[in-house]
Amino acid sequence: MSLAKLIAAGVVAAVGLSASAASASVLDTVKERGTLNCGTDNTAPGFGYLNTKTGELEGLDVDFCKAVAAAVLGDASKVKFVTVTDKSRFDAVLTNQVDVVFAHTTLKPARESAIAVDFLPINFYDGTGIMVKAEIGVKSFDELDGATFCTTQGSVTETVLASAFKAKGWTASKVLTYENLEKLFAALGSGRCDAMSTDKSALAAWAGNSPKPTDYVILPDTLDKSPFAGFVVANDSKWRNALRWITYGLFQAEESGVTSDKVDELAKSDDPFMQKLLGVGGGFGKDFGLPDDFVAQAVRAVGNYGEIYDRNLGPDTTMYLERKGTPNALWTEGGAIYSPLWN
């Protein structure tokens with residue numbers, strides 16, 4: 001064979017390999033590996049937090065990781081948690097260190113357009129807030145002209161604060177950034193900054209878990225919207241769609257009254273809608289490369305969305321965040337937690 005033909009054959013082979021690699025989905029990789037690599041924080045109470053008493057990770061984001069493992073692999077324990085920070089979370093997905101990230105991440109256009117990730121459905125609605133020590137007597141954001149604010153590195157809050165300073169004409173205020181929420185809270189406690197700025201849920205969690213919660217005041221101001229969502233690498237529709245409908249399944253399960261302790265009973269229902277949702281006698285699973293009972297598997301493992309919320313952010317937790325009257329309520333109760341049709 002001539003050199004030209006050898007080169008041509010090599011090019012064809014390379015193109016074939018490239019096309020094969022391009023067509024491979026993270027879903028197939030996870031199934032073959034038998035474990036889900038899920039990126040989450042370990043310093044965000046209520047979302048992704050290492051409980052020092054049990055040595056276990058817990059939180060809303062952690063439960064979403066478990067739900068995906070249960071839905072895809074049939075076992076919520078088949079998940080490897082990979083700690084990510086605000087700064088490292090996107091690289092973790094782009095370099096295949098993790099298959100998906102659930103880490104209190106704000107959905108915004110620049111992230112999908114410039115970072116090459118695809119976001120999943122919003123699973124928590126928050127807003128950027130400010131927390132100060134009660135002893136300084138500050139009651140609103142307007143009183144903090146010239147103050148030093150601290151937030152996490154690589155977070156949306158850096159941009160939000162810069163915009164707020166500019167809008168108010170503040171030139172003396174400055175921002176210090178820290179690797180994670182634990183170091184951020186320590187900076188506020190030590191006086192290295194006058195105010196801590198991040199999502200209001202995180203502020204409530206850290207104040208609630210402190211030795212004396214009354215030492216801290218969360219100001220009433222909300223500087224910007226902060227809707228949280230998981231995310232995956234861009235342009236892998238097979239994986240993205242599977243995870244989208246796992247998330248929607250948790251929403252729909254709450255709306256339909258499917259709880260972890262009732263899922264097996266409801267799977268025996270004669271209701272065609274319930275049978276389809278829970279994958280009895282067929283379902284939507286095969287359309288997404290999942291078992292037909294993927295919703296039932298997820299709910300059986302971690303509960304529906306309401307159960308996940310109550311376990312981590314409900315009235316029996318130290319960081320209780322009321323759902324009623326907020327976007328985090330079901331759409332049937334005036335909120336924004338909403339699943340598309342399941343028929």
# chains A, B, ... in the order shown; residues from 1 in each chain; ligands from 1
>>> closest_atom_pairs(of="stretch 240-302 of chain A", to="stretch 116-135 of chain A", cutoff="9 Å", atoms="only C-alpha atoms", output="Markdown table")
| residue | atom | partner | partner_atom | distance |
| --- | --- | --- | --- | --- |
| A:Arg240 | CA | A:Leu120 | CA | 7.1 |
| A:Asn241 | CA | A:Leu120 | CA | 8.4 |
| A:Leu243 | CA | A:Leu120 | CA | 7.1 |
| A:Arg244 | CA | A:Leu120 | CA | 5.5 |
| A:Trp245 | CA | A:Pro121 | CA | 8.8 |
| A:Thr247 | CA | A:Pro121 | CA | 6.9 |
| A:Tyr248 | CA | A:Pro121 | CA | 7.5 |
| A:Phe251 | CA | A:Asn123 | CA | 8.9 |
>>> write_last_selection(atoms="all heavy atoms", output="compact mmCIF listing (two decimals), in the first residue's frame")
# COMPACT_ATOMS: atom_id res chain seq x y z
N ARG A 240 -27.93 13.76 29.88
CA ARG A 240 -28.68 14.92 30.40
C ARG A 240 -30.16 14.60 30.52
O ARG A 240 -30.79 14.89 31.54
CB ARG A 240 -28.48 16.12 29.47
CG ARG A 240 -29.21 17.39 29.92
CD ARG A 240 -29.28 18.39 28.79
NE ARG A 240 -30.10 17.90 27.70
CZ ARG A 240 -29.77 17.97 26.42
NH1 ARG A 240 -28.60 18.48 26.05
NH2 ARG A 240 -30.59 17.51 25.48
N ASN A 241 -30.73 13.99 29.49
CA ASN A 241 -32.17 13.71 29.51
C ASN A 241 -32.53 12.69 30.59
O ASN A 241 -33.57 12.81 31.25
CB ASN A 241 -32.65 13.22 28.15
CG ASN A 241 -32.63 14.33 27.10
OD1 ASN A 241 -32.53 15.50 27.44
ND2 ASN A 241 -32.75 13.96 25.84
N LEU A 243 -31.04 12.29 33.45
CA LEU A 243 -30.99 12.97 34.75
C LEU A 243 -32.10 14.01 34.90
O LEU A 243 -32.59 14.25 36.00
CB LEU A 243 -29.61 13.61 34.97
CG LEU A 243 -28.61 12.70 35.70
CD1 LEU A 243 -28.35 11.42 34.92
CD2 LEU A 243 -27.30 13.43 35.97
N ARG A 244 -32.47 14.62 33.79
CA ARG A 244 -33.59 15.57 33.84
C ARG A 244 -34.85 14.88 34.33
O ARG A 244 -35.57 15.37 35.20
CB ARG A 244 -33.85 16.18 32.46
CG ARG A 244 -32.86 17.24 32.01
CD ARG A 244 -33.19 17.71 30.61
NE ARG A 244 -34.47 18.42 30.58
CZ ARG A 244 -35.33 18.39 29.56
NH1 ARG A 244 -35.07 17.66 28.49
NH2 ARG A 244 -36.43 19.08 29.61
N TRP A 245 -35.12 13.68 33.78
CA TRP A 245 -36.37 13.01 34.11
C TRP A 245 -36.30 12.29 35.45
O TRP A 245 -37.34 12.05 36.09
CB TRP A 245 -36.81 12.12 32.96
CG TRP A 245 -37.35 12.99 31.87
CD1 TRP A 245 -36.68 13.48 30.78
CD2 TRP A 245 -38.66 13.58 31.82
NE1 TRP A 245 -37.49 14.31 30.05
CE2 TRP A 245 -38.72 14.39 30.66
CE3 TRP A 245 -39.79 13.49 32.62
CZ2 TRP A 245 -39.86 15.11 30.31
CZ3 TRP A 245 -40.93 14.20 32.27
CH2 TRP A 245 -40.96 15.00 31.13
N THR A 247 -34.89 13.85 37.97
CA THR A 247 -35.25 15.01 38.79
C THR A 247 -36.74 15.29 38.73
O THR A 247 -37.40 15.47 39.77
CB THR A 247 -34.46 16.25 38.32
OG1 THR A 247 -33.05 15.98 38.38
CG2 THR A 247 -34.78 17.46 39.19
N TYR A 248 -37.28 15.32 37.52
CA TYR A 248 -38.73 15.55 37.38
C TYR A 248 -39.52 14.45 38.09
O TYR A 248 -40.60 14.70 38.63
CB TYR A 248 -39.11 15.59 35.90
CG TYR A 248 -38.71 16.84 35.17
CD1 TYR A 248 -38.22 16.77 33.87
CD2 TYR A 248 -38.85 18.10 35.76
CE1 TYR A 248 -37.86 17.92 33.17
CE2 TYR A 248 -38.49 19.25 35.07
CZ TYR A 248 -38.00 19.16 33.78
OH TYR A 248 -37.65 20.30 33.09
N PHE A 251 -40.03 15.30 41.62
CA PHE A 251 -41.06 16.34 41.75
C PHE A 251 -42.45 15.73 41.61
O PHE A 251 -43.36 16.00 42.41
CB PHE A 251 -40.88 17.42 40.68
CG PHE A 251 -39.61 18.21 40.75
CD1 PHE A 251 -39.24 19.04 39.68
CD2 PHE A 251 -38.77 18.16 41.85
CE1 PHE A 251 -38.08 19.78 39.72
CE2 PHE A 251 -37.59 18.90 41.90
CZ PHE A 251 -37.26 19.71 40.82
>>> select_by_dssp(residues="stretch 8-203 of chain A", states="strand (DSSP E)", output="NGL selection string")
:A and (36-40 or 43-44 or 48-51 or 56-58 or 79-83 or 100-101 or 117-133 or 148-152 or 174-178 or 195-199)
>>> closest_atom_pairs(of="stretch 63-90 of chain A", to="stretch 307-315 of chain A", cutoff="12 Å", atoms="only C-alpha atoms", output="tab-separated table")
residue	atom	partner	partner_atom	distance
A:Asp63	CA	A:Ile308	CA	6.9
A:Phe64	CA	A:Ile308	CA	8.5
A:Cys65	CA	A:Ile308	CA	11.7
A:Lys66	CA	A:Ile308	CA	10.9
A:Ala67	CA	A:Ile308	CA	10.0
>>> closest_residue(among="A:Gln252, A:Asn37, A:Thr43, A:Thr159", to="A:Leu223", atoms="only C-alpha atoms")
A:Thr159
>>> closest_residue(among="A:Thr157, A:Ser77, A:Asn180, A:Thr52", to="A:Cys38", atoms="only C-alpha atoms")
A:Ser77
>>> closest_residue(among="A:Asp75, A:Asp199, A:Asp91, A:Asp316", to="A:Phe47", atoms="only C-alpha atoms")
A:Asp199
>>> atom_distance(atom1="atom CA of A:Pro340", atom2="atom CA of A:Thr106")
21.6 Å
>>> closest_residue(among="A:Ala296, A:Leu278, A:Leu341, A:Met319", to="A:Trp206", atoms="only C-alpha atoms")
A:Met319
>>> closest_residue(among="A:Glu265, A:Val84, A:Val79, A:Asn42", to="A:Gly55", atoms="only C-alpha atoms")
A:Asn42
